[in-house]
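Novice: Next comes structure09.txt, compact mmCIF, C-alpha atoms:
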```
# COMPACT_ATOMS: atom_id res chain seq x y z
CA MET K 1 -2.27 -19.84 -3.78
CA LYS K 2 -0.10 -17.43 -5.74
CA THR K 3 1.37 -14.45 -3.91
CA SER K 4 -0.18 -12.01 -6.37
CA THR K 5 -3.59 -13.55 -5.75
CA VAL K 6 -3.18 -13.10 -2.00
CA ALA K 7 -2.16 -9.50 -2.54
CA TRP K 8 -5.22 -8.81 -4.70
CA ILE K 9 -7.53 -10.39 -2.15
CA ILE K 10 -6.08 -8.19 0.59
CA ILE K 11 -6.47 -5.08 -1.55
CA VAL K 12 -10.08 -5.89 -2.41
CA LEU K 13 -10.92 -6.56 1.24
CA ILE K 14 -9.40 -3.24 2.27
CA LEU K 15 -11.34 -1.37 -0.41
CA LEU K 16 -14.58 -3.10 0.55
CA GLY K 17 -14.01 -2.30 4.21
CA ALA K 18 -13.24 1.32 3.46
CA GLY K 19 -16.27 1.62 1.25
CA TRP K 20 -18.54 0.10 3.86
CA TYR K 21 -17.22 2.45 6.52
CA PHE K 22 -17.50 5.60 4.48
CA PHE K 23 -20.93 4.95 3.04
CA SER K 24 -22.44 3.76 6.28
CA ASN K 25 -20.99 6.33 8.72
CA ARG K 26 -19.86 9.44 6.95
CA SER K 27 -22.00 12.54 6.57
CA THR K 28 -21.16 15.45 4.32
CA THR K 29 -19.29 18.19 6.11
CA LEU K 30 -18.62 21.64 4.84
CA SER K 31 -15.29 23.37 4.85
CA PRO K 32 -14.94 25.20 8.17
CA THR K 33 -14.04 28.39 6.30
CA GLN K 34 -17.51 28.54 4.77
CA ASN K 35 -19.03 29.17 8.21
CA ILE K 36 -22.53 28.15 7.16
CA ALA K 37 -25.12 27.11 9.73
CA ILE K 38 -26.30 23.54 9.33
CA GLU K 39 -29.85 22.59 10.19
CA ASN K 40 -30.35 19.96 12.88
CA SER K 41 -32.32 17.85 10.41
CA GLN K 42 -29.20 17.42 8.29
CA ASN K 43 -27.15 16.18 11.20
CA PRO K 44 -27.24 12.38 11.47
CA ALA K 45 -26.13 12.58 15.11
CA ALA K 46 -29.20 14.37 16.43
CA PRO K 47 -28.83 16.09 19.84
CA SER K 48 -30.42 14.44 22.85
CA PRO K 49 -33.72 15.78 24.21
CA GLU K 50 -31.88 17.38 27.11
CA THR K 51 -29.86 19.60 24.76
CA ALA K 52 -32.36 20.21 21.99
CA GLY K 53 -32.80 23.86 21.24
CA ALA K 54 -30.30 26.68 21.38
CA SER K 55 -29.42 27.75 24.90
CA MET K 56 -26.63 30.10 25.93
CA SER K 57 -24.72 27.43 27.80
CA ALA K 58 -24.11 23.70 27.81
CA SER K 59 -21.99 21.25 29.74
CA VAL K 60 -20.15 18.23 28.46
CA ALA K 61 -18.63 15.60 30.70
CA TYR K 62 -15.56 13.62 29.72
CA GLY K 63 -14.89 10.15 31.01
CA PRO K 64 -13.91 6.60 30.06
CA ASP K 65 -16.70 6.48 27.46
CA GLY K 66 -15.72 9.79 25.87
CA PHE K 67 -17.71 13.00 25.74
CA SER K 68 -21.26 13.01 27.04
CA PRO K 69 -23.45 14.20 25.53
CA SER K 70 -21.57 13.79 22.29
CA THR K 71 -23.58 16.56 20.64
CA VAL K 72 -24.72 19.80 22.22
CA THR K 73 -26.48 22.82 20.78
CA VAL K 74 -25.96 26.41 21.86
CA ALA K 75 -26.88 29.79 20.50
CA LYS K 76 -24.27 32.02 18.96
CA GLY K 77 -22.30 33.53 21.82
CA GLY K 78 -23.11 30.57 24.03
CA VAL K 79 -20.58 28.87 26.26
CA VAL K 80 -19.82 25.16 26.36
CA THR K 81 -17.99 23.85 29.41
CA PHE K 82 -16.09 20.59 29.24
CA LYS K 83 -15.25 18.83 32.50
CA ASN K 84 -13.07 15.79 32.94
CA GLY K 85 -14.69 13.36 35.36
CA GLY K 86 -12.44 10.42 34.55
CA THR K 87 -8.86 9.45 35.22
CA GLY K 88 -7.61 10.04 31.70
CA LYS K 89 -6.21 13.30 30.39
CA MET K 90 -8.41 15.80 28.57
CA TRP K 91 -7.40 18.36 25.95
CA VAL K 92 -10.41 19.57 23.99
CA ALA K 93 -9.70 20.88 20.52
CA ALA K 94 -11.39 21.47 17.19
CA ASP K 95 -10.87 18.89 14.45
CA MET K 96 -8.75 17.72 12.70
CA HIS K 97 -6.24 16.00 14.94
CA PRO K 98 -3.48 17.04 15.49
CA THR K 99 -3.53 20.48 13.87
CA HIS K 100 -6.87 21.80 15.20
CA GLU K 101 -7.51 24.25 12.40
CA GLY K 102 -11.16 23.36 11.96
CA TYR K 103 -12.66 26.31 13.88
CA ASP K 104 -10.64 29.39 13.05
CA GLY K 105 -8.36 28.18 10.28
CA THR K 106 -5.12 28.40 12.25
CA THR K 107 -3.10 25.43 13.41
CA LYS K 108 -2.26 24.45 16.98
CA ASP K 109 1.25 25.79 16.60
CA GLN K 110 -0.12 29.12 15.37
CA HIS K 111 -2.88 29.76 17.91
CA CYS K 112 -1.65 28.14 21.12
CA PRO K 113 -1.81 29.41 23.77
CA ASP K 114 -5.23 30.70 22.82
CA ALA K 115 -5.20 33.80 25.04
CA ALA K 116 -7.87 35.52 22.96
CA GLY K 117 -10.18 32.51 23.18
CA VAL K 118 -10.93 32.33 19.48
CA ALA K 119 -9.52 28.99 18.33
CA PHE K 120 -11.59 26.36 20.20
CA ASP K 121 -8.45 24.72 21.48
CA GLN K 122 -7.70 24.05 25.13
CA CYS K 123 -3.99 24.12 24.18
CA SER K 124 -2.96 21.99 27.16
CA VAL K 125 -4.16 19.14 29.31
CA GLY K 126 -6.52 20.19 32.09
CA PRO K 127 -9.55 19.20 34.15
CA ALA K 128 -11.94 21.73 32.60
CA TYR K 129 -12.29 23.99 29.60
CA SER K 130 -14.86 26.56 28.54
CA PHE K 131 -15.24 28.12 25.14
CA THR K 132 -17.57 30.80 23.82
CA PHE K 133 -18.79 30.03 20.33
CA GLU K 134 -19.09 33.21 18.32
CA LYS K 135 -19.40 31.42 14.97
CA THR K 136 -22.47 29.54 13.84
CA GLY K 137 -22.08 26.12 12.34
CA GLU K 138 -21.41 22.52 13.26
CA TRP K 139 -18.05 22.17 14.98
CA GLN K 140 -16.51 18.74 15.46
CA TYR K 141 -13.98 18.39 18.23
CA HIS K 142 -11.88 15.67 19.85
CA ASN K 143 -9.66 14.94 22.81
CA HIS K 144 -6.15 15.68 21.59
CA VAL K 145 -4.74 13.07 24.01
CA ASN K 146 -7.19 10.41 22.84
CA ALA K 147 -8.30 11.40 19.38
CA GLY K 148 -10.86 8.63 19.13
CA ASP K 149 -13.06 10.51 21.61
CA VAL K 150 -15.03 13.00 19.57
CA GLY K 151 -18.04 15.26 19.80
CA THR K 152 -19.95 18.00 18.05
CA VAL K 153 -21.07 21.47 19.05
CA ILE K 154 -23.91 22.90 16.99
CA VAL K 155 -24.07 26.68 17.13
CA LYS K 156 -27.22 28.38 15.88
CA MET I 1 21.50 -7.85 -8.35
CA ILE I 2 22.79 -4.97 -10.45
CA LEU I 3 23.54 -1.59 -8.86
CA HIS I 4 20.38 -0.04 -10.25
CA ASP I 5 18.14 -2.59 -8.50
CA ARG I 6 20.02 -2.20 -5.23
CA THR I 7 19.60 1.56 -5.32
CA LEU I 8 15.89 1.23 -5.97
CA HIS I 9 15.50 -1.30 -3.20
CA PHE I 10 17.38 0.92 -0.74
CA LEU I 11 15.22 3.89 -1.73
CA LEU I 12 12.10 1.88 -0.97
CA ARG I 13 13.49 0.73 2.38
CA ALA I 14 14.64 4.25 3.31
CA GLY I 15 11.24 5.71 2.51
CA LEU I 16 9.50 3.13 4.63
CA ALA I 17 11.98 3.58 7.48
CA PHE I 18 11.41 7.35 7.51
CA ALA I 19 7.70 6.78 8.11
CA PHE I 20 8.65 5.11 11.39
CA LEU I 21 11.60 7.29 12.40
CA TYR I 22 9.85 10.65 12.14
CA PRO I 23 6.99 9.91 14.57
CA ALA I 24 9.37 8.41 17.10
CA VAL I 25 11.60 11.50 17.08
CA ASN I 26 8.83 14.09 16.85
CA ALA I 27 7.04 12.46 19.79
CA LEU I 28 9.92 13.67 21.96
CA PHE I 29 8.95 17.27 21.15
CA ASP I 30 5.17 17.03 20.70
CA PRO I 31 4.06 13.93 22.64
CA TYR I 32 0.36 14.67 22.90
CA SER I 33 -0.10 14.91 19.15
CA TRP I 34 1.09 11.32 18.75
CA LEU I 35 -0.48 10.01 21.94
CA GLY I 36 -3.86 10.84 20.47
CA TYR I 37 -3.50 8.14 17.84
CA PHE I 38 -3.38 5.29 20.35
CA PRO I 39 -6.75 3.56 20.75
CA ALA I 40 -8.58 3.98 24.03
CA PHE I 41 -7.92 0.45 25.25
CA MET I 42 -4.17 1.10 25.26
CA HIS I 43 -4.44 4.07 27.59
CA GLY I 44 -4.19 3.63 31.35
CA ILE I 45 -2.26 0.36 31.36
CA VAL I 46 1.09 2.12 31.72
CA PRO I 47 1.85 5.85 32.00
CA ASP I 48 1.29 7.65 28.72
CA ALA I 49 4.96 8.57 28.42
CA VAL I 50 5.97 4.93 28.76
CA LEU I 51 3.40 3.87 26.17
CA LEU I 52 4.43 6.55 23.71
CA HIS I 53 8.19 6.27 23.93
CA SER I 54 8.22 2.47 24.17
CA PHE I 55 6.29 2.42 20.93
CA GLY I 56 8.77 4.95 19.60
CA ALA I 57 11.66 2.67 20.50
CA VAL I 58 9.96 -0.15 18.60
CA GLU I 59 9.57 2.16 15.63
CA VAL I 60 13.26 3.11 15.69
CA ILE I 61 14.33 -0.54 15.89
CA LEU I 62 12.00 -1.41 13.04
CA ALA I 63 13.26 1.48 10.93
CA LEU I 64 16.92 0.56 11.42
CA TRP I 65 16.17 -3.09 10.64
CA ILE I 66 14.40 -2.11 7.45
CA VAL I 67 17.26 0.14 6.36
CA SER I 68 19.75 -2.65 6.99
CA GLY I 69 17.92 -4.85 4.52
CA LYS I 70 18.70 -8.01 6.50
CA HIS I 71 15.91 -10.61 6.67
CA ILE I 72 13.73 -7.86 5.28
CA PHE I 73 10.57 -9.97 5.16
CA ILE I 74 10.11 -9.85 8.93
CA PRO I 75 10.33 -6.09 9.57
CA SER I 76 8.39 -5.33 6.38
CA ALA I 77 5.56 -7.63 7.38
CA ILE I 78 5.49 -6.14 10.88
CA ALA I 79 5.49 -2.64 9.40
CA THR I 80 2.57 -3.54 7.14
CA LEU I 81 0.51 -4.80 10.05
CA MET I 82 1.39 -1.83 12.27
CA LEU I 83 0.42 0.69 9.61
CA LEU I 84 -2.86 -1.03 8.85
CA ALA I 85 -3.63 -1.13 12.57
CA ILE I 86 -2.92 2.60 12.88
CA VAL I 87 -5.36 3.27 10.06
CA LEU I 88 -8.05 0.98 11.47
CA PHE I 89 -7.81 2.53 14.93
CA ASN I 90 -7.95 6.06 13.50
CA LEU I 91 -10.62 5.87 10.85
CA GLN I 92 -12.21 9.00 12.29
CA ASN I 93 -9.01 10.78 11.27
CA PHE I 94 -8.71 9.14 7.86
CA GLN I 95 -8.07 12.54 6.31
CA VAL I 96 -4.80 12.49 8.26
CA VAL I 97 -3.80 8.82 8.19
CA PHE I 98 -4.82 8.00 4.62
CA ARG I 99 -1.17 8.11 3.55
CA ASP I 100 -0.46 5.22 5.91
CA VAL I 101 -2.42 3.04 3.51
CA SER I 102 0.06 3.87 0.76
CA ILE I 103 3.02 3.32 3.08
CA ALA I 104 1.55 -0.02 4.14
CA ALA I 105 1.42 -0.99 0.49
CA MET I 106 5.12 -0.13 0.19
CA ALA I 107 5.87 -2.30 3.21
CA ALA I 108 3.75 -5.13 1.84
CA ALA I 109 5.60 -4.89 -1.48
CA LEU I 110 8.93 -5.23 0.32
CA ALA I 111 7.67 -8.20 2.31
CA LEU I 112 6.21 -9.94 -0.73
CA ASP I 113 9.38 -9.29 -2.71
CA ALA I 114 11.49 -10.82 0.06
CA TYR I 115 9.11 -13.76 0.33
CA GLN I 116 9.46 -14.45 -3.34
CA ARG I 117 13.23 -14.07 -3.35
CA ARG I 118 13.62 -16.04 -0.09
CA GLU I 119 16.83 -14.14 0.54
CA GLY I 120 18.22 -12.92 3.83
CA THR I 121 20.10 -9.91 2.48
CA VAL I 122 19.87 -7.62 -0.52
```
Spell out the structure here as structure tokens.
Specialist:
Amino acid sequence: MKTSTVAWIIIVLILLGAGWYFFSNRSTTLSPTQNIAIENSQNPAAPSPETAGASMSASVAYGPDGFSPSTVTVAKGGVVTFKNGGTGKMWVAADMHPTHEGYDGTTKDQHCPDAAGVAFDQCSVGPAYSFTFEKTGEWQYHNHVNAGDVGTVIVK
Amino acid sequence: MILHDRTLHFLLRAGLAFAFLYPAVNALFDPYSWLGYFPAFMHGIVPDAVLLHSFGAVEVILALWIVSGKHIFIPSAIATLMLLAIVLFNLQNFQVVFRDVSIAAMAAALALDAYQRREGTV
């Protein structure tokens, strides 16, 4: 088989794989600067029955399987507490990795340490982290030390 | 090979090598940012620092090998596979790692070129 043929086959497979992934998993997300509330019905990852509705507080556990529950809903001004129950390190931060500008528009280097508590960024590894969400919207976050572990906080 | 071709080839190799040198060096100053890209199954086997900086050492070796141009098929092929693996294990961050697809194509081009030439040096 000619080398160019092999190269084309690889390229086509990559494009097909990327297309499958994006069309099967991705949902439309708004720019974080628009700060628009998103209805639960538009969120493909619907919150569990235990966290349905907008309360003023929620807890998320972190362990070997990631964040649980992966989606929580709180009212504006509500507090979400993240606790590490596993052996791995936890550093909760707003998307995208590694710059964390998804919540307040500033990067990790600009807002850490987050003394004012406005950036949704733990800014260091630790066993627990609490953040008060003063902005409505759908806020994706991840573990900075293991960026494959992700979650969502819906603020109404 | 005329000078013009050698310059172009070196430019391609240098660009590819930089993509491996920068993360290895920057990880010394901002380790957690790079540690986050490792898939979950790689965590916990060895201390995170060992994982990160061992991988960094591999990246430096690979980068220097690529720049040298010797037996370029091997490091280019390895680079292609590493970059594609980084993308596959970080699809949730594709907005960040999408450029690795382009860099992998550069590496694949180098490997395919070497395979066709069947030369050890350039």
Novice: Give me the residues of chain I that have any atom at most 9 Å from an atom of chain K; for each, the nearest atom pair and the distance in Å, rounded to one decimal. Use only C-alpha atoms, sort by chain and number, and format it as CSV.
Specialist:
```
residue,atom,partner,partner_atom,distance
I:Pro31,CA,K:Val145,CA,8.9
I:Tyr32,CA,K:Val145,CA,5.5
I:Ser33,CA,K:Pro98,CA,5.4
I:Trp34,CA,K:Pro98,CA,8.0
I:Leu35,CA,K:Val145,CA,5.6
I:Gly36,CA,K:Asn146,CA,4.1
I:Tyr37,CA,K:Ala147,CA,6.0
I:Phe38,CA,K:Asn146,CA,6.9
I:Pro39,CA,K:Gly148,CA,6.7
I:Ala40,CA,K:Asn146,CA,6.7
I:His43,CA,K:Gly88,CA,7.9
I:Gly44,CA,K:Gly88,CA,7.3
I:Phe89,CA,K:Gly148,CA,8.0
I:Asn90,CA,K:Gly148,CA,6.8
I:Leu91,CA,K:Tyr21,CA,8.6
I:Gln92,CA,K:Gly148,CA,7.0
I:Asn93,CA,K:His97,CA,7.0
I:Gln95,CA,K:Met96,CA,8.3
I:Val96,CA,K:His97,CA,7.7
I:Ala108,CA,K:Ala7,CA,8.6
I:Leu112,CA,K:Thr3,CA,7.3
I:Tyr115,CA,K:Thr3,CA,8.9
I:Gln116,CA,K:Thr3,CA,8.1
```
Novice: Got a sec to check which residues sit within 12 Å of (12.9, 14.1, 22.4), counting only C-alpha atoms, and write them as a VMD selection string?
Specialist: chain I and resid 22 to 31 49 52 to 53 56 to 57
Novice: To one decimal in Å, tell me the separation between atom CA of K:Lys156 and atom CA of K:Val92.
Specialist: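 Result for atom CA of K:Lys156 versus atom CA of K:Val92: 20.6 Å, one decimal.
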Novice: Which residue out of I:Met106, I:Ile78, I:Ile45, I:Lys70 has the minimum interatomic distance to I:Gly15 when all atoms listed in the file are used?
Specialist: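 Comparing I:Met106, I:Ile78, I:Ile45, I:Lys70 against I:Gly15, the winner is I:Met106.
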Novice: Which of these, I:Ala19, I:Val50, I:Val58, I:Ile74, has the shortest distance to I:Ala104 once you count all atoms listed in the file?
Specialist: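 Among the listed residues, the smallest separation from I:Ala104 belongs to I:Ala19.
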Novice: Counting all atoms listed in the file, figure out which residue out of I:Phe10, I:Phe94, I:Phe41, I:Phe20 gets nearest to I:Phe55.
Specialist: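 So, comparing all the options, the nearest one is I:Phe20.
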Novice: Suppose you want the space between atom CA of K:Gln140 and atom CA of I:Val101; what is it in Å?
Specialist: 24.2 Å
Novice: Counting only C-alpha atoms, select every polymer residue within 12 Å of (16.6, 0.2, -3.5) as defined in the file's coordinates, and provide the selection as a list in words.
Specialist: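 Selection result: Met1, Ile2, Leu3, His4, Asp5, Arg6, Thr7, Leu8, His9, Phe10, Leu11, Leu12, Arg13, Ala14, Gly15, Leu16, Ile66, Val67, Ser68, Gly69, Leu110, Asp113 and Val122 of chain I.
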Novice: Excluding I:Phe73 and residues on its chain fewer than 3 positions from it, collect all residues at most 6 Å away from it, counting all atoms listed in the file, and give them as a list in words.
Specialist: Ser76, Ala77, Ala111 and Ala114 of chain I
Novice: How many Å separate atom CA of K:Tyr141 from atom CA of I:Ala85?
Specialist: 22.8 Å
Novice: So which one's closest to I:Leu84, I:Leu64, I:Ala105, I:Leu21, I:Leu51? Using all atoms listed in the file, please.
Specialist: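 Among I:Leu64, I:Ala105, I:Leu21, I:Leu51, it is I:Ala105 that comes nearest to I:Leu84.
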Novice: Edge lengths and centre in Å to one decimal, as lines of an AutoDock Vina configuration file, is what I'm after for the box along x, y and z that holds all listed atoms of stretch 83-102 of chain I once 4 Å is added on each side.
Specialist:
```
center_x = -5.9
center_y = 5.7
center_z = 7.8
size_x = 20.6
size_y = 21.7
size_z = 22.2
```
Novice: Need to verify the contact set: stretch 76-80 of chain K, 10 Å, only C-alpha atoms, exclusion of same-chain residues closer than 2 positions in sequence. Can you return it as an NGL selection string?
Specialist: :K and (54-60 or 72-74 or 82-83 or 129-137 or 153-156)
Novice: Assuming the input is short of atoms at stretch 71-106 of chain I, produce N, CA and C atoms for that part as a short mmCIF file (atom, residue, chain, number, x, y, z; two decimals), in the coordinates of the input.
Specialist:
```
data_model
loop_
_atom_site.label_atom_id
_atom_site.label_comp_id
_atom_site.auth_asym_id
_atom_site.auth_seq_id
_atom_site.Cartn_x
_atom_site.Cartn_y
_atom_site.Cartn_z
N HIS I 71 17.15 -9.87 6.38
CA HIS I 71 15.91 -10.61 6.67
C HIS I 71 14.71 -9.67 6.54
N ILE I 72 14.65 -8.99 5.45
CA ILE I 72 13.73 -7.86 5.28
C ILE I 72 12.27 -8.27 5.35
N PHE I 73 11.97 -9.56 5.13
CA PHE I 73 10.57 -9.97 5.16
C PHE I 73 9.94 -9.70 6.53
N ILE I 74 10.69 -9.98 7.59
CA ILE I 74 10.11 -9.85 8.93
C ILE I 74 9.75 -8.41 9.27
N PRO I 75 10.71 -7.47 9.21
CA PRO I 75 10.33 -6.09 9.57
C PRO I 75 9.31 -5.48 8.62
N SER I 76 9.36 -5.88 7.34
CA SER I 76 8.39 -5.33 6.38
C SER I 76 6.98 -5.83 6.69
N ALA I 77 6.87 -7.08 7.04
CA ALA I 77 5.56 -7.63 7.38
C ALA I 77 5.03 -6.98 8.66
N ILE I 78 5.90 -6.81 9.64
CA ILE I 78 5.49 -6.14 10.88
C ILE I 78 5.06 -4.71 10.59
N ALA I 79 5.83 -4.02 9.75
CA ALA I 79 5.49 -2.64 9.40
C ALA I 79 4.13 -2.56 8.72
N THR I 80 3.86 -3.51 7.84
CA THR I 80 2.57 -3.54 7.14
C THR I 80 1.44 -3.66 8.15
N LEU I 81 1.56 -4.59 9.06
CA LEU I 81 0.51 -4.80 10.05
C LEU I 81 0.35 -3.60 10.97
N MET I 82 1.46 -3.00 11.39
CA MET I 82 1.39 -1.83 12.27
C MET I 82 0.68 -0.67 11.58
N LEU I 83 1.02 -0.43 10.34
CA LEU I 83 0.42 0.69 9.61
C LEU I 83 -1.07 0.47 9.39
N LEU I 84 -1.44 -0.74 9.04
CA LEU I 84 -2.86 -1.03 8.85
C LEU I 84 -3.62 -0.89 10.17
N ALA I 85 -2.99 -1.28 11.27
CA ALA I 85 -3.63 -1.13 12.57
C ALA I 85 -3.81 0.35 12.92
N ILE I 86 -2.81 1.15 12.62
CA ILE I 86 -2.92 2.60 12.88
C ILE I 86 -4.09 3.19 12.10
N VAL I 87 -4.25 2.77 10.87
CA VAL I 87 -5.36 3.27 10.06
C VAL I 87 -6.70 2.81 10.64
N LEU I 88 -6.79 1.53 10.96
CA LEU I 88 -8.05 0.98 11.47
C LEU I 88 -8.46 1.62 12.79
N PHE I 89 -7.49 1.93 13.64
CA PHE I 89 -7.81 2.53 14.93
C PHE I 89 -7.99 4.05 14.85
N ASN I 90 -7.82 4.61 13.67
CA ASN I 90 -7.95 6.06 13.50
C ASN I 90 -8.77 6.41 12.26
N LEU I 91 -9.78 5.61 12.02
CA LEU I 91 -10.62 5.87 10.85
C LEU I 91 -11.31 7.23 10.94
N GLN I 92 -11.56 7.69 12.17
CA GLN I 92 -12.21 9.00 12.29
C GLN I 92 -11.28 10.12 11.84
N ASN I 93 -10.00 9.82 11.75
CA ASN I 93 -9.01 10.78 11.27
C ASN I 93 -8.43 10.33 9.93
N PHE I 94 -9.25 9.71 9.11
CA PHE I 94 -8.71 9.14 7.86
C PHE I 94 -8.13 10.22 6.96
N GLN I 95 -8.63 11.45 7.11
CA GLN I 95 -8.07 12.54 6.31
C GLN I 95 -6.60 12.80 6.66
N VAL I 96 -6.19 12.34 7.84
CA VAL I 96 -4.80 12.49 8.26
C VAL I 96 -4.00 11.23 7.97
N VAL I 97 -4.56 10.08 8.26
CA VAL I 97 -3.80 8.82 8.19
C VAL I 97 -3.94 8.09 6.87
N PHE I 98 -4.60 8.71 5.89
CA PHE I 98 -4.82 8.00 4.62
C PHE I 98 -3.50 7.61 3.97
N ARG I 99 -2.46 8.42 4.18
CA ARG I 99 -1.17 8.11 3.55
C ARG I 99 -0.56 6.83 4.12
N ASP I 100 -0.97 6.47 5.33
CA ASP I 100 -0.46 5.22 5.91
C ASP I 100 -0.89 4.02 5.09
N VAL I 101 -2.00 4.13 4.38
CA VAL I 101 -2.42 3.04 3.51
C VAL I 101 -1.39 2.85 2.40
N SER I 102 -0.95 3.94 1.82
CA SER I 102 0.06 3.87 0.76
C SER I 102 1.38 3.33 1.30
N ILE I 103 1.76 3.78 2.49
CA ILE I 103 3.02 3.32 3.08
C ILE I 103 2.92 1.84 3.42
N ALA I 104 1.74 1.40 3.86
CA ALA I 104 1.55 -0.02 4.14
C ALA I 104 1.70 -0.84 2.86
N ALA I 105 1.26 -0.28 1.76
CA ALA I 105 1.42 -0.99 0.49
C ALA I 105 2.90 -1.12 0.13
N MET I 106 3.67 -0.07 0.41
CA MET I 106 5.12 -0.13 0.19
C MET I 106 5.74 -1.25 1.03
#
```
